[in-house]
Structures are given as C-alpha cells and as structure tokens.
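Below is one structure, written out as structure tokens; the observations come after it.
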Amino acid sequence: MFQILIVDDEHTLLNGCSFMIREIFDLPFPVSISTALNVPNALAVLKNETPDLIITDIRMPVMDGFVLINQIRTKNLPSDIVILTSHADFEYARSALANGAFDYLLKPIDDEMLAECLN
C-alpha cells in the first residue's frame, strides 16, 4: 500500500486532492491517504505513520511547510516530499529542492502533473 500524507490549510484542496488520487486517477497501485490542516497536525500523523509521499503547502498558519520539511529530514524519514503551492516564486522552488523536496507543483492543481508525479 502506497501511503500519502497531504498537508494544506485549505479544506477544499485536501478533499479535492484526495478525491482525485482515490477516484479519478487510475493508479497501478493501491493508496492510503491521510490529511492534515497544518504542520502540528502533520507532525502528529508522522508519529504513527511513515508515508511514502508527503504533499505539502508552504504557506500555512502556525508553521510553514519548510518547518515540516526540516522536521521530516531531522527525523530521517524516508518520505518523498512534493511542494504544492500557489506561489510561482523561484526562491520557493529553490528552497524546496535544496531542502529535499522531490517536486514542486503549483495551485490550482493540474491533475495531469499530479498524476505524473504519483506515477
């Protein structure tokens, strides 16, 4: 089972992304999806789960996605990380990749790009 954690402060995005992955994409493998509305919730999930893939926003209240990435790397979790953000800023992309992100996707979600990333 391929485990995914989606972290974003927008309920609509969490539900939409989860729905696309579960119901629309014809993935050749089974998936399990967890969601978190912020970094503290994501860190709580990571105490009990080690997802294969973490899809996270950068700008969120309380803590940002870079804090989450640093925590994941500090804990030596083997999860791949994809940044999903509405900020098409080169510095965000550079920082994300420098901190070990696997990919950088822009909102609104392009379903083809997300499917390609998952495959």
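So you can find residues: chains in the structure tokens are A, B, ... in the order shown, residues in each start at 1, and ligands are numbered from 1 in order.
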For the contact check between region 65-97 of chain A and region 11-35 of chain A, emit one row per residue of region 65-97 of chain A within 12 Å, containing the shortest atom pair and the distance in Å rounded to one decimal, counting only C-alpha atoms, chain then rising number order, as CSV.
residue,atom,partner,partner_atom,distance
A:Leu84,CA,A:Leu13,CA,10.1
A:Thr85,CA,A:Leu13,CA,10.8
A:Ser86,CA,A:Leu13,CA,11.5
(request) Would you mind listing what lies within 8 Å of Asp9 (chain A) as number ranges by chain, with only C-alpha atoms counted and same-chain residues fewer than 4 positions away left out? (result) A: 36-38, 57, 60-61
Selection export as a compact mmCIF listing (two decimals), in the first residue's frame, atoms kept: C-alpha atoms:
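Written output follows (selection_26.txt):
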# COMPACT_ATOMS: atom_id res chain seq x y z
CA ALA A 36 -3.56 17.38 7.96
CA LEU A 37 -4.68 21.02 8.05
CA ASN A 38 -1.39 22.33 9.45
CA ASP A 57 1.74 23.55 1.05
CA MET A 60 0.18 27.84 6.33
CA PRO A 61 -0.76 29.34 9.70
(request) Compare A:Met63, A:Ile83, A:Ile69, A:Ile4 by their minimum atom-to-atom distance to Leu105 (chain A), counting only C-alpha atoms, and give me the closest one. (result) A:Ile83
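Here CA of Val82 (chain A) stands at a distance of 5.6 Å from CA of Ala101 (chain A).
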(message) Could you tell me how far CA of Ile58 (chain A) sits from CA of Asp8 (chain A), in Å to one decimal place?
(response)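 If I compute the distance from CA of Asp8 (chain A) to CA of Ile58 (chain A), I get 8.3 Å.
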(message) At a cut-off of 12 Å, using only C-alpha atoms, what residues contact Asp103 (chain A)? Leave out same-chain residues fewer than 6 positions from it and give the result as JSON, numbers by chain.
(response) {"A": [53, 54, 55, 56, 80, 81, 82, 83, 84, 85, 92, 93, 94, 95, 96, 97, 113, 114, 116, 117, 118]}
(request) Using DSSP on the backbone coordinates, identify the residues of region 1-118 of chain A assigned to helix (DSSP H, G or I); present them as an MDAnalysis selection string. (result) chainID A and resid 11:24 39:46 65:74 90:98 111:118
Would you save the residues of that selection, restricted to C-alpha atoms, as a tab-separated table (two decimals), in the first residue's frame?
chain	number	residue	atom	x	y	z
A	11	HIS	CA	-10.23	22.03	3.25
A	12	THR	CA	-11.24	22.22	-0.40
A	13	LEU	CA	-7.75	21.37	-1.59
A	14	LEU	CA	-7.38	18.47	0.86
A	15	ASN	CA	-10.70	16.97	-0.21
A	16	GLY	CA	-10.15	17.64	-3.91
A	17	CYS	CA	-6.64	16.24	-3.99
A	18	SER	CA	-7.68	13.15	-2.03
A	19	PHE	CA	-10.66	12.62	-4.34
A	20	MET	CA	-8.52	12.94	-7.48
A	21	ILE	CA	-5.97	10.44	-6.22
A	22	ARG	CA	-8.55	7.90	-5.00
A	23	GLU	CA	-11.31	8.21	-7.58
A	24	ILE	CA	-10.06	9.82	-10.78
A	39	VAL	CA	2.15	21.36	10.37
A	40	PRO	CA	1.44	20.41	14.02
A	41	ASN	CA	-1.32	18.04	12.82
A	42	ALA	CA	1.04	16.60	10.21
A	43	LEU	CA	3.73	16.01	12.83
A	44	ALA	CA	1.15	14.19	14.97
A	45	VAL	CA	0.33	11.93	11.99
A	46	LEU	CA	4.04	11.30	11.44
A	65	GLY	CA	5.91	23.84	5.01
A	66	PHE	CA	9.66	24.41	5.30
A	67	VAL	CA	9.42	23.70	9.05
A	68	LEU	CA	7.67	20.44	8.18
A	69	ILE	CA	10.35	19.51	5.65
A	70	ASN	CA	13.09	20.24	8.20
A	71	GLN	CA	11.33	18.10	10.81
A	72	ILE	CA	10.95	15.23	8.33
A	73	ARG	CA	14.63	15.38	7.41
A	74	THR	CA	15.73	15.76	11.08
A	90	PHE	CA	11.80	30.71	-7.97
A	91	GLU	CA	13.16	31.18	-4.43
A	92	TYR	CA	10.40	28.91	-3.04
A	93	ALA	CA	11.22	26.26	-5.62
A	94	ARG	CA	14.95	26.56	-4.99
A	95	SER	CA	14.49	26.34	-1.22
A	96	ALA	CA	12.12	23.41	-1.54
A	97	LEU	CA	14.54	21.44	-3.70
A	98	ALA	CA	17.52	22.40	-1.51
A	111	ASP	CA	-4.41	16.81	-12.45
A	112	GLU	CA	-2.04	15.62	-15.18
A	113	MET	CA	1.00	16.98	-13.33
A	114	LEU	CA	-0.14	15.39	-10.05
A	115	ALA	CA	-0.81	12.05	-11.75
A	116	GLU	CA	2.62	12.17	-13.39
A	117	CYS	CA	4.21	12.92	-10.03
A	118	LEU	CA	2.45	9.96	-8.39
(message) Just to confirm, what's the straight-line distance from CA of Ala88 (chain A) to CA of Thr50 (chain A) in Å (one decimal)?
(response) 28.7 Å
(request) Give the strand (DSSP E or B) residues of chain A, as DSSP finds them on the backbone, and put them as a VMD selection string. (result) chain A and resid 2 to 7 31 to 36 53 to 56 80 to 85 103 to 106
